[in-house]
Structures are given as structure tokens and as C-alpha cells.
file final.pdb (PDB, C-alpha atoms)
ATOM      1  CA  MET A  10     -39.343 -38.569  91.243
ATOM      2  CA  ASN A  11     -40.700 -41.317  89.036
ATOM      3  CA  SER A  12     -38.734 -42.388  85.861
ATOM      4  CA  TYR A  13     -40.305 -43.966  82.792
ATOM      5  CA  VAL A  14     -38.545 -46.722  80.954
ATOM      6  CA  ILE A  15     -39.619 -47.583  77.379
ATOM      7  CA  ASP A  16     -39.244 -51.164  76.382
ATOM      8  CA  LEU A  17     -38.604 -51.241  72.631
ATOM      9  CA  SER A  18     -38.999 -54.996  72.512
ATOM     10  CA  LEU A  19     -42.674 -54.747  73.234
ATOM     11  CA  LYS A  20     -45.030 -55.285  70.285
ATOM     12  CA  PRO A  21     -48.342 -53.499  69.985
ATOM     13  CA  THR A  22     -51.253 -55.708  70.675
ATOM     14  CA  THR A  23     -53.943 -53.297  69.534
ATOM     15  CA  PHE A  24     -54.468 -51.522  66.138
ATOM     16  CA  ASP A  25     -56.476 -48.391  66.841
ATOM     17  CA  LEU A  26     -57.397 -45.375  64.667
ATOM     18  CA  TRP A  27     -54.152 -43.600  65.356
ATOM     19  CA  HIS A  28     -52.108 -46.397  63.923
ATOM     20  CA  ILE A  29     -54.343 -46.540  60.867
ATOM     21  CA  CYS A  30     -53.811 -42.839  60.181
ATOM     22  CA  LEU A  31     -50.099 -43.160  60.691
ATOM     23  CA  ALA A  32     -49.867 -46.110  58.287
ATOM     24  CA  GLY A  33     -51.959 -44.287  55.702
ATOM     25  CA  THR A  34     -49.765 -41.201  55.905
ATOM     26  CA  VAL A  35     -46.602 -43.257  55.380
ATOM     27  CA  ALA A  36     -48.138 -45.033  52.407
ATOM     28  CA  THR A  37     -49.295 -41.715  50.882
ATOM     29  CA  LEU A  38     -45.840 -40.164  51.248
ATOM     30  CA  ALA A  39     -44.273 -43.226  49.677
ATOM     31  CA  MET A  40     -46.634 -43.030  46.715
ATOM     32  CA  ILE A  41     -45.940 -39.312  46.285
ATOM     33  CA  LEU A  42     -42.180 -39.943  46.377
ATOM     34  CA  ILE A  43     -42.496 -42.702  43.807
ATOM     35  CA  ALA A  44     -44.622 -40.466  41.543
ATOM     36  CA  VAL A  45     -42.099 -37.609  41.783
ATOM     37  CA  LEU A  46     -39.261 -39.981  40.868
ATOM     38  CA  LEU A  47     -41.213 -41.332  37.892
ATOM     39  CA  ILE A  48     -41.981 -37.804  36.658
ATOM     40  CA  MET A  49     -38.283 -36.883  36.880
ATOM     41  CA  VAL A  50     -37.185 -39.993  34.975
ATOM     42  CA  ILE A  51     -39.801 -39.454  32.225
ATOM     43  CA  GLY A  52     -38.757 -35.778  31.877
ATOM     44  CA  MET A  53     -35.097 -36.734  31.483
ATOM     45  CA  LEU A  54     -35.954 -39.281  28.811
ATOM     46  CA  ARG A  55     -38.025 -36.758  26.866
ATOM     47  CA  CYS A  56     -35.215 -34.179  27.009
ATOM     48  CA  LYS A  57     -32.776 -36.665  25.558
ATOM     49  CA  LYS A  58     -35.175 -37.556  22.721
ATOM     50  CA  SER A  59     -36.097 -33.939  21.897
ATOM     51  CA  LYS A  60     -32.476 -32.636  21.963
ATOM     52  CA  PRO A  61     -31.216 -32.382  18.319
ATOM     53  CA  GLN A  62     -28.275 -34.559  17.620
ATOM     54  CA  GLN A  63     -25.330 -32.462  16.502
ATOM     55  CA  ILE A  64     -23.706 -33.753  13.366
ATOM     56  CA  ALA A  65     -20.026 -33.084  13.109
ATOM     57  CA  PRO A  66     -19.187 -31.185   9.895
ATOM     58  CA  THR A  67     -17.608 -33.344   7.297
ATOM     59  CA  PRO A  68     -14.061 -32.111   6.705
ATOM     60  CA  GLU A  69     -13.430 -30.860   3.181
ATOM     61  CA  PRO A  70     -11.448 -33.326   1.154
ATOM     62  CA  VAL A  71      -7.747 -32.545   0.861
ATOM     63  CA  VAL A  72      -8.025 -32.586  -2.925
ATOM     64  CA  LYS A  73     -10.499 -29.686  -2.954
ATOM     65  CA  ILE A  74      -8.287 -27.669  -0.598
ATOM     66  CA  VAL A  75      -5.324 -28.176  -2.913
ATOM     67  CA  GLU A  76      -7.451 -27.130  -5.905
ATOM     68  CA  LYS A  77      -8.411 -23.912  -4.115
ATOM     69  CA  ILE A  78      -4.765 -23.158  -3.349
ATOM     70  CA  VAL A  79      -3.878 -23.670  -7.024
ATOM     71  CA  GLU A  80      -6.720 -21.359  -8.101
ATOM     72  CA  VAL A  81      -5.468 -18.626  -5.747
ATOM     73  CA  GLU A  82      -1.921 -19.026  -7.079
ATOM     74  CA  LYS A  83      -3.241 -18.654 -10.632
ATOM     75  CA  LEU A  84      -4.954 -15.402  -9.693
ATOM     76  CA  VAL A  85      -1.837 -13.829  -8.136
ATOM     77  CA  HIS A  86       0.690 -15.391 -10.485
ATOM     78  CA  THR A  87       2.455 -12.891 -12.750
ATOM     79  CA  PRO A  88       2.161 -13.983 -16.374
ATOM     80  CA  THR A  89       5.437 -15.103 -17.888
ATOM     81  CA  PRO A  90       6.615 -12.734 -20.617
ATOM     82  CA  GLU A  91       6.702 -14.181 -24.092
ATOM     83  CA  PRO A  92      10.157 -15.310 -25.199
ATOM     84  CA  VAL A  93      11.982 -13.036 -27.586
ATOM     85  CA  ILE A  94      12.222 -14.682 -30.996
ATOM     86  CA  LEU A  95      15.465 -13.819 -32.756
ATOM     87  CA  LYS A  96      15.378 -13.830 -36.553
ATOM     88  CA  GLU A  97      18.331 -15.461 -38.211
ATOM     89  CA  ALA A  98      19.668 -13.210 -40.962
ATOM     90  CA  THR A  99      21.274 -14.716 -44.037
ATOM     91  CA  PRO A 100      24.696 -13.196 -44.805
ATOM     92  CA  ASP A 101      24.273 -13.235 -48.607
ATOM     93  CA  ALA A 102      22.509  -9.842 -48.774
ATOM     94  CA  ALA A 103      25.131  -8.169 -46.559
ATOM     95  CA  LEU A 104      27.967  -9.685 -48.579
ATOM     96  CA  GLN A 105      26.285  -8.580 -51.799
ATOM     97  CA  LEU A 106      26.011  -4.990 -50.547
ATOM     98  CA  LEU A 107      29.635  -5.015 -49.456
ATOM     99  CA  GLY A 108      30.612  -6.232 -52.927
ATOM    100  CA  LEU A 109      28.622  -3.417 -54.583
ATOM    101  CA  LEU A 110      30.307  -0.796 -52.395
ATOM    102  CA  GLN A 111      33.713  -2.200 -53.271
ATOM    103  CA  ASN A 112      32.944  -2.363 -56.984
ATOM    104  CA  GLU A 113      31.525   1.172 -57.290
ATOM    105  CA  ALA A 114      33.396   3.054 -54.548
ATOM    106  CA  ARG A 115      36.497   0.988 -53.729
ATOM    107  CA  PHE A 116      35.074   1.066 -50.194
ATOM    108  CA  ILE A 117      37.069  -1.835 -48.729
ATOM    109  CA  ASP A 118      40.316  -0.544 -50.292
ATOM    110  CA  PHE A 119      39.754   2.860 -48.681
ATOM    111  CA  ILE A 120      38.892   1.445 -45.231
ATOM    112  CA  LYS A 121      41.762  -1.043 -45.178
ATOM    113  CA  GLU A 122      44.323   1.498 -46.399
ATOM    114  CA  ASP A 123      46.663   3.051 -43.840
ATOM    115  CA  ILE A 124      46.010   6.732 -44.486
ATOM    116  CA  GLY A 125      48.413   7.973 -41.847
ATOM    117  CA  SER A 126      51.190   8.546 -44.429
ATOM    118  CA  PHE A 127      48.953  10.483 -46.852
ATOM    119  CA  SER A 128      48.324  14.205 -46.844
ATOM    120  CA  ASP A 129      44.916  15.688 -46.180
ATOM    121  CA  ALA A 130      44.658  16.682 -49.820
ATOM    122  CA  ASP A 131      45.274  13.103 -50.995
ATOM    123  CA  ILE A 132      42.754  11.763 -48.445
ATOM    124  CA  GLY A 133      40.223  14.331 -49.628
ATOM    125  CA  ILE A 134      40.583  13.226 -53.250
ATOM    126  CA  ALA A 135      40.172   9.547 -52.262
ATOM    127  CA  ALA A 136      37.186  10.365 -50.028
ATOM    128  CA  ARG A 137      35.489  12.127 -52.938
ATOM    129  CA  VAL A 138      35.775   8.973 -55.073
ATOM    130  CA  VAL A 139      34.422   6.818 -52.221
ATOM    131  CA  HIS A 140      31.568   9.268 -51.568
ATOM    132  CA  GLU A 141      30.487   9.332 -55.216
ATOM    133  CA  GLY A 142      30.564   5.530 -55.486
ATOM    134  CA  CYS A 143      28.643   4.971 -52.214
ATOM    135  CA  THR A 144      26.020   7.510 -53.293
ATOM    136  CA  LYS A 145      25.546   5.668 -56.556
ATOM    137  CA  VAL A 146      25.057   2.302 -54.780
ATOM    138  CA  LEU A 147      22.542   3.712 -52.292
ATOM    139  CA  ASN A 148      20.530   5.548 -54.939
ATOM    140  CA  GLU A 149      20.364   2.535 -57.261
ATOM    141  CA  HIS A 150      19.518  -0.177 -54.727
ATOM    142  CA  PHE A 151      17.881   1.514 -51.719
ATOM    143  CA  THR A 152      15.028   3.967 -51.213
ATOM    144  CA  LEU A 153      15.648   6.063 -48.086
ATOM    145  CA  ALA A 154      13.280   8.381 -46.210
ATOM    146  CA  PRO A 155      13.723  10.448 -43.041
ATOM    147  CA  ILE A 156      12.000   9.165 -39.883
ATOM    148  CA  ARG A 157      11.067  12.637 -38.657
ATOM    149  CA  SER A 158       9.803  15.373 -40.969
ATOM    150  CA  GLU A 159      10.741  18.263 -38.629
ATOM    151  CA  GLN A 160      13.858  20.308 -39.253
ATOM    152  CA  GLU A 161      16.898  19.393 -37.181
ATOM    153  CA  GLY A 162      17.265  21.806 -34.264
ATOM    154  CA  ASN A 163      13.517  22.216 -33.721
ATOM    155  CA  LYS A 164      11.735  21.355 -30.460
ATOM    156  CA  ILE A 165       9.529  18.244 -30.564
ATOM    157  CA  THR A 166       7.367  16.483 -27.942
ATOM    158  CA  LEU A 167       7.273  12.710 -27.547
ATOM    159  CA  GLN A 168       4.058  11.357 -26.047
ATOM    160  CA  ASP A 169       3.773   8.328 -23.792
ATOM    161  CA  GLY A 170       4.049   5.057 -25.739
ATOM    162  CA  PHE A 171       6.439   6.334 -28.421
ATOM    163  CA  ASP A 172       8.389   3.699 -30.359
ATOM    164  CA  ALA A 173      11.846   3.459 -28.777
ATOM    165  CA  SER A 174      13.147   1.547 -31.806
ATOM    166  CA  VAL A 175      12.792   4.596 -34.070
ATOM    167  CA  LEU A 176      13.438   7.346 -31.508
ATOM    168  CA  ARG A 177      16.568   7.295 -29.350
ATOM    169  CA  LEU A 178      16.704   9.616 -26.331
ATOM    170  CA  THR A 179      19.998  11.214 -25.334
ATOM    171  CA  GLY A 180      21.055  13.715 -22.684
ATOM    172  CA  ASN A 181      19.419  14.049 -19.256
ATOM    173  CA  ILE A 182      16.579  11.498 -19.265
ATOM    174  CA  VAL A 183      14.473  12.023 -16.106
ATOM    175  CA  GLY A 184      10.891  10.987 -15.321
ATOM    176  CA  LYS A 185       8.315   9.655 -17.731
ATOM    177  CA  ALA A 186       6.832  10.747 -21.059
ATOM    178  CA  PRO A 187       5.780  13.125 -22.478
ATOM    179  CA  PHE A 188       9.317  14.387 -23.225
ATOM    180  CA  THR A 189      10.200  17.650 -24.938
ATOM    181  CA  GLY A 190      13.604  17.978 -26.559
ATOM    182  CA  THR A 191      15.600  19.163 -29.545
ATOM    183  CA  LEU A 192      15.718  17.066 -32.724
ATOM    184  CA  ILE A 193      19.432  16.422 -33.274
ATOM    185  CA  HIS A 194      19.122  13.944 -36.161
ATOM    186  CA  LYS A 195      16.026  13.218 -38.225
ATOM    187  CA  GLY A 196      16.982   9.534 -38.727
ATOM    188  CA  TRP A 197      16.747   7.345 -41.805
ATOM    189  CA  GLN A 198      14.639   4.365 -42.750
ATOM    190  CA  VAL A 199      14.755   2.090 -45.785
ATOM    191  CA  THR A 200      11.412   1.919 -47.570
ATOM    192  CA  ALA A 201      12.497  -0.268 -50.524
ATOM    193  CA  ILE A 202      15.421  -2.548 -51.484
ATOM    194  CA  LYS A 203      16.354  -3.483 -55.064
ATOM    195  CA  LEU A 204      19.397  -5.736 -54.803
ATOM    196  CA  PRO A 205      20.210  -7.767 -57.916
ATOM    197  CA  LYS A 206      19.372 -11.460 -57.782
ATOM    198  CA  LEU A 207      22.253 -13.865 -57.327
ATOM    199  CA  THR A 208      22.808 -16.644 -59.800
ATOM    200  CA  GLN A 209      22.804 -20.264 -58.700
ATOM    201  CA  GLY A 210      26.174 -21.223 -57.242
ATOM    202  CA  HIS A 211      27.375 -17.610 -56.860
ATOM    203  CA  ASN A 212      29.827 -17.251 -53.977
ATOM    204  CA  ALA A 213      28.697 -14.063 -52.211
ATOM    205  CA  ALA A 214      31.704 -14.197 -49.868
ATOM    206  CA  ILE A 215      33.946 -13.057 -52.754
ATOM    207  CA  VAL A 216      33.242  -9.332 -52.433
ATOM    208  CA  ALA A 217      36.244  -8.355 -54.585
ATOM    209  CA  PRO A 218      37.996 -10.888 -56.819
ATOM    210  CA  ALA A 219      41.745 -10.673 -57.182
ATOM    211  CA  GLU A 220      42.861  -8.869 -60.362
ATOM    212  CA  VAL A 221      45.658 -10.108 -62.635
ATOM    213  CA  GLU A 222      46.897  -7.915 -65.429
ATOM    214  CA  LEU A 223      48.296  -9.697 -68.482
TER     215      LEU A 223
END

call {"tool": "encode", "arguments": {"input": "final.pdb", "output": "C-alpha cells"}}
result
Amino acid sequence: MNSYVIDLSLKPTTFDLWHICLAGTVATLAMILIAVLLIMVIGMLRCKKSKPQQIAPTPEPVVKIVEKIVEVEKLVHTPTPEPVILKEATPDAALQLLGLLQNEARFIDFIKEDIGSFSDADIGIAARVVHEGCTKVLNEHFTLAPIRSEQEGNKITLQDGFDASVLRLTGNIVGKAPFTGTLIHKGWQVTAIKLPKLTQGHNAAIVAPAEVEL
């Protein structure tokens, strides 16, 4: 059996048609491969150029965020109630009234007296004098009017929003207005005051001067 041995060191000495075709095929494949690579590179470059560049959102300044927080707090913040203004009353008018009651009704003498040792008849006589004098002072210097015009003992209804400074509720207070109850006291209000004017330098604290009989 014959064996063939190929000598790779041999160089071709002829260049026939077969070799020309083979060389042309290799060159064509190489050109095609180069063209495909160029097309791929150009496509990648175009994709990079056409892809929109994403711009990172600019963070809102810290100052604006703080301003928004303050605005929200203002919306939910409960308004502070107005401070209660207390009126300072001068004592001269009160001292003057006390002096009138003492002068006309011996009011201070009656209140400061220890009535425990007196009989009911004696107390009744003294109370009559005090009552007459106090009535005179009130009628001369004050105009009084009842707050409610209904008769005491009648049923009345108080609607929501009634003035608590002129109507005082007592008894079993449950729920919200309107309230229906019995008028126990009609109340009093002063509509006019006619106290005498004090002279310059008058000491109103002396409601009853000491008396010396000569």
C-alpha cells in the first residue's frame, strides 16, 4: 500500500487559475469583513450622538424647602388667643359709695356690730333703719333695671350663644344650648350712675369721720 507524504516546505512554482480564484475569494471575504466592521462602528457612533443626554434635576435650594415648611406650619398653626386686658378700677368711687351708705344708713356700724347679744326685735328695728337708708342711697345715685323681664318662676329657653356674663346657669348643666329652665332670679343691672363729684384734695378713704361731742 502506497503512502503519500506532503512536504510543507515546498513552494508553488506555478500560479494557475485555481490559485487566482482562491486569492480573489480571500480578498473578497476580507473586504466584506472590513465593511461589516465599519458599518458596526458607524452605527455605534450614531447611537451615541442621537441618544438624548439626561440632565440631572437640580436639587431645590434648602432655603425654599424651609420656606415651604414654614408656610405649612402657618396653615396648621392654631391662632394664639388675644390676651385678656384687665381694667384697673379706681377705688375712689367705691369708697364714696361706702361713705354714702354709712352716712344715710349707718351701714358700716350695723355690719361691724356684734348682734349676737341683741334680741330679734332689736335687730329688726336696726335692720329697718339700715334698709331705709340703703334704699335712699340707691334711689338717689343709681338707676337699676331687671335683666330679664319674665316673672320669676317661669320657664325660659336660652339659645346657643347667650351671654354668660348676664345669665348664670345653676343646677344640672348637661349638654349644649339651647337650655330650658326656671327663672330663679331676674337679675339687676345699673343703667345710670349719679355719684356726687369729689372736691380737689378730698380723702375718699375717710368713709365716716370720727365724731366728738362738745

call {"tool": "resolve_selection", "arguments": {"input": "final.pdb", "expression": "the PyMOL selection byres ((chain A and resi 193) around 9)", "output": "ChimeraX atom specification"}}
result
/A:161-163,191-192,194-195

call {"tool": "write_last_selection", "arguments": {"input": "final.pdb", "atoms": "C-alpha atoms", "output": "compact mmCIF listing (two decimals), in the frame of the given file"}}
result
# COMPACT_ATOMS: atom_id res chain seq x y z
CA GLU A 161 16.90 19.39 -37.18
CA GLY A 162 17.26 21.81 -34.26
CA ASN A 163 13.52 22.22 -33.72
CA THR A 191 15.60 19.16 -29.54
CA LEU A 192 15.72 17.07 -32.72
CA HIS A 194 19.12 13.94 -36.16
CA LYS A 195 16.03 13.22 -38.22

call {"tool": "residues_around", "arguments": {"input": "final.pdb", "residues": "A:Glu141", "least_positions_apart": "4", "cutoff": "9 Å", "atoms": "only C-alpha atoms", "output": "PyMOL selection string"}}
result
chain A and resi 113-114+136-137+145-146

call {"tool": "atom_distance", "arguments": {"input": "final.pdb", "atom1": "atom CA of A:Lys203", "atom2": "atom CA of A:Phe119"}}
result
25.1 Å

call {"tool": "resolve_selection", "arguments": {"input": "final.pdb", "expression": "the PyMOL selection byres ((chain A and resi 216) around 8)", "output": "number ranges by chain"}}
result
A: 104-105, 107-109, 111, 213-215, 217-218

call {"tool": "closest_residue", "arguments": {"input": "final.pdb", "among": "A:Leu207, A:Leu95, A:Val199, A:Ala36", "to": "A:Leu153", "atoms": "only C-alpha atoms"}}
result
A:Val199

call {"tool": "closest_residue", "arguments": {"input": "final.pdb", "among": "A:Ala103, A:Leu54, A:Ala186, A:Cys30", "to": "A:Leu167", "atoms": "all atoms listed in the file"}}
result
A:Ala186

call {"tool": "atom_distance", "arguments": {"input": "final.pdb", "atom1": "atom CA of A:Pro205", "atom2": "atom CA of A:Glu222"}}
result
27.7 Å

call {"tool": "closest_residue", "arguments": {"input": "final.pdb", "among": "A:Val221, A:Gln198, A:Arg157, A:Asn212", "to": "A:Pro100", "atoms": "only C-alpha atoms"}}
result
A:Asn212

call {"tool": "atom_distance", "arguments": {"input": "final.pdb", "atom1": "atom CA of A:Ala130", "atom2": "atom CA of A:Ile117"}}
result
20.0 Å

call {"tool": "resolve_selection", "arguments": {"input": "final.pdb", "expression": "the PyMOL selection byres ((chain A and resi 168) around 9)", "output": "PyMOL selection string"}}
result
chain A and resi 166-167+169-171+186-189

call {"tool": "axis_aligned_box", "arguments": {"input": "final.pdb", "around": "stretch 157-165 of chain A", "padding_each_side": "6 Å", "output": "lines of an AutoDock Vina configuration file"}}
result
center_x = 13.4
center_y = 17.4
center_z = -35.7
size_x = 19.7
size_y = 21.6
size_z = 22.5

call {"tool": "residues_around", "arguments": {"input": "final.pdb", "residues": "A:Leu204", "least_positions_apart": "2", "cutoff": "8 Å", "atoms": "only C-alpha atoms", "output": "JSON, numbers by chain"}}
result
{"A": [102, 106, 150, 202, 206]}

call {"tool": "write_last_selection", "arguments": {"input": "final.pdb", "atoms": "C-alpha atoms", "output": "mmCIF file, keeping the file's coordinate frame"}}
result
data_model
loop_
_atom_site.group_PDB
_atom_site.id
_atom_site.type_symbol
_atom_site.label_atom_id
_atom_site.label_comp_id
_atom_site.auth_asym_id
_atom_site.auth_seq_id
_atom_site.Cartn_x
_atom_site.Cartn_y
_atom_site.Cartn_z
ATOM 1 C CA ALA A 102 22.509 -9.842 -48.774
ATOM 2 C CA LEU A 106 26.011 -4.990 -50.547
ATOM 3 C CA HIS A 150 19.518 -0.177 -54.727
ATOM 4 C CA ILE A 202 15.421 -2.548 -51.484
ATOM 5 C CA LYS A 206 19.372 -11.460 -57.782
#

call {"tool": "closest_residue", "arguments": {"input": "final.pdb", "among": "A:Ala201, A:Leu38, A:Val50, A:Val45", "to": "A:Phe151", "atoms": "all atoms listed in the file"}}
result
A:Ala201

call {"tool": "closest_residue", "arguments": {"input": "final.pdb", "among": "A:Ser158, A:Ser126, A:Gln209, A:Asn112", "to": "A:Val139", "atoms": "all atoms listed in the file"}}
result
A:Asn112

call {"tool": "build_atoms", "arguments": {"input": "final.pdb", "residues": "stretch 122-143 of chain A", "atoms": "N, CA and C atoms", "output": "CSV table (one decimal), keeping the file's coordinate frame"}}
result
chain,number,residue,atom,x,y,z
A,122,GLU,N,43.1,0.8,-46.1
A,122,GLU,CA,44.3,1.5,-46.4
A,122,GLU,C,44.8,2.3,-45.2
A,123,ASP,N,46.1,2.3,-44.9
A,123,ASP,CA,46.7,3.1,-43.8
A,123,ASP,C,46.9,4.5,-44.4
A,124,ILE,N,46.0,5.4,-43.9
A,124,ILE,CA,46.0,6.7,-44.5
A,124,ILE,C,46.9,7.7,-43.7
A,125,GLY,N,47.6,7.1,-42.7
A,125,GLY,CA,48.4,8.0,-41.8
A,125,GLY,C,49.6,8.6,-42.6
A,126,SER,N,50.0,8.0,-43.7
A,126,SER,CA,51.2,8.5,-44.4
A,126,SER,C,50.8,9.5,-45.6
A,127,PHE,N,49.4,9.6,-45.8
A,127,PHE,CA,49.0,10.5,-46.9
A,127,PHE,C,48.6,11.9,-46.3
A,128,SER,N,48.7,12.8,-47.2
A,128,SER,CA,48.3,14.2,-46.8
A,128,SER,C,46.8,14.4,-46.8
A,129,ASP,N,46.4,15.4,-46.2
A,129,ASP,CA,44.9,15.7,-46.2
A,129,ASP,C,44.3,15.9,-47.6
A,130,ALA,N,45.1,16.5,-48.5
A,130,ALA,CA,44.7,16.7,-49.8
A,130,ALA,C,44.5,15.4,-50.5
A,131,ASP,N,45.4,14.4,-50.4
A,131,ASP,CA,45.3,13.1,-51.0
A,131,ASP,C,44.1,12.3,-50.4
A,132,ILE,N,43.9,12.4,-49.1
A,132,ILE,CA,42.8,11.8,-48.4
A,132,ILE,C,41.5,12.4,-48.9
A,133,GLY,N,41.4,13.7,-49.1
A,133,GLY,CA,40.2,14.3,-49.6
A,133,GLY,C,39.9,13.9,-51.0
A,134,ILE,N,40.9,13.7,-51.9
A,134,ILE,CA,40.6,13.2,-53.2
A,134,ILE,C,40.0,11.8,-53.2
A,135,ALA,N,40.6,10.9,-52.4
A,135,ALA,CA,40.2,9.5,-52.3
A,135,ALA,C,38.8,9.5,-51.7
A,136,ALA,N,38.5,10.4,-50.7
A,136,ALA,CA,37.2,10.4,-50.0
A,136,ALA,C,36.1,10.8,-51.0
A,137,ARG,N,36.5,11.7,-51.9
A,137,ARG,CA,35.5,12.1,-52.9
A,137,ARG,C,35.1,11.0,-53.8
A,138,VAL,N,36.1,10.1,-54.2
A,138,VAL,CA,35.8,9.0,-55.1
A,138,VAL,C,34.9,8.0,-54.3
A,139,VAL,N,35.2,7.7,-53.0
A,139,VAL,CA,34.4,6.8,-52.2
A,139,VAL,C,33.0,7.4,-52.0
A,140,HIS,N,32.9,8.7,-51.8
A,140,HIS,CA,31.6,9.3,-51.6
A,140,HIS,C,30.7,9.1,-52.8
A,141,GLU,N,31.3,9.4,-54.0
A,141,GLU,CA,30.5,9.3,-55.2
A,141,GLU,C,30.0,7.9,-55.5
A,142,GLY,N,30.9,6.9,-55.2
A,142,GLY,CA,30.6,5.5,-55.5
A,142,GLY,C,29.5,5.0,-54.5
A,143,CYS,N,29.6,5.4,-53.2
A,143,CYS,CA,28.6,5.0,-52.2
A,143,CYS,C,27.3,5.6,-52.5
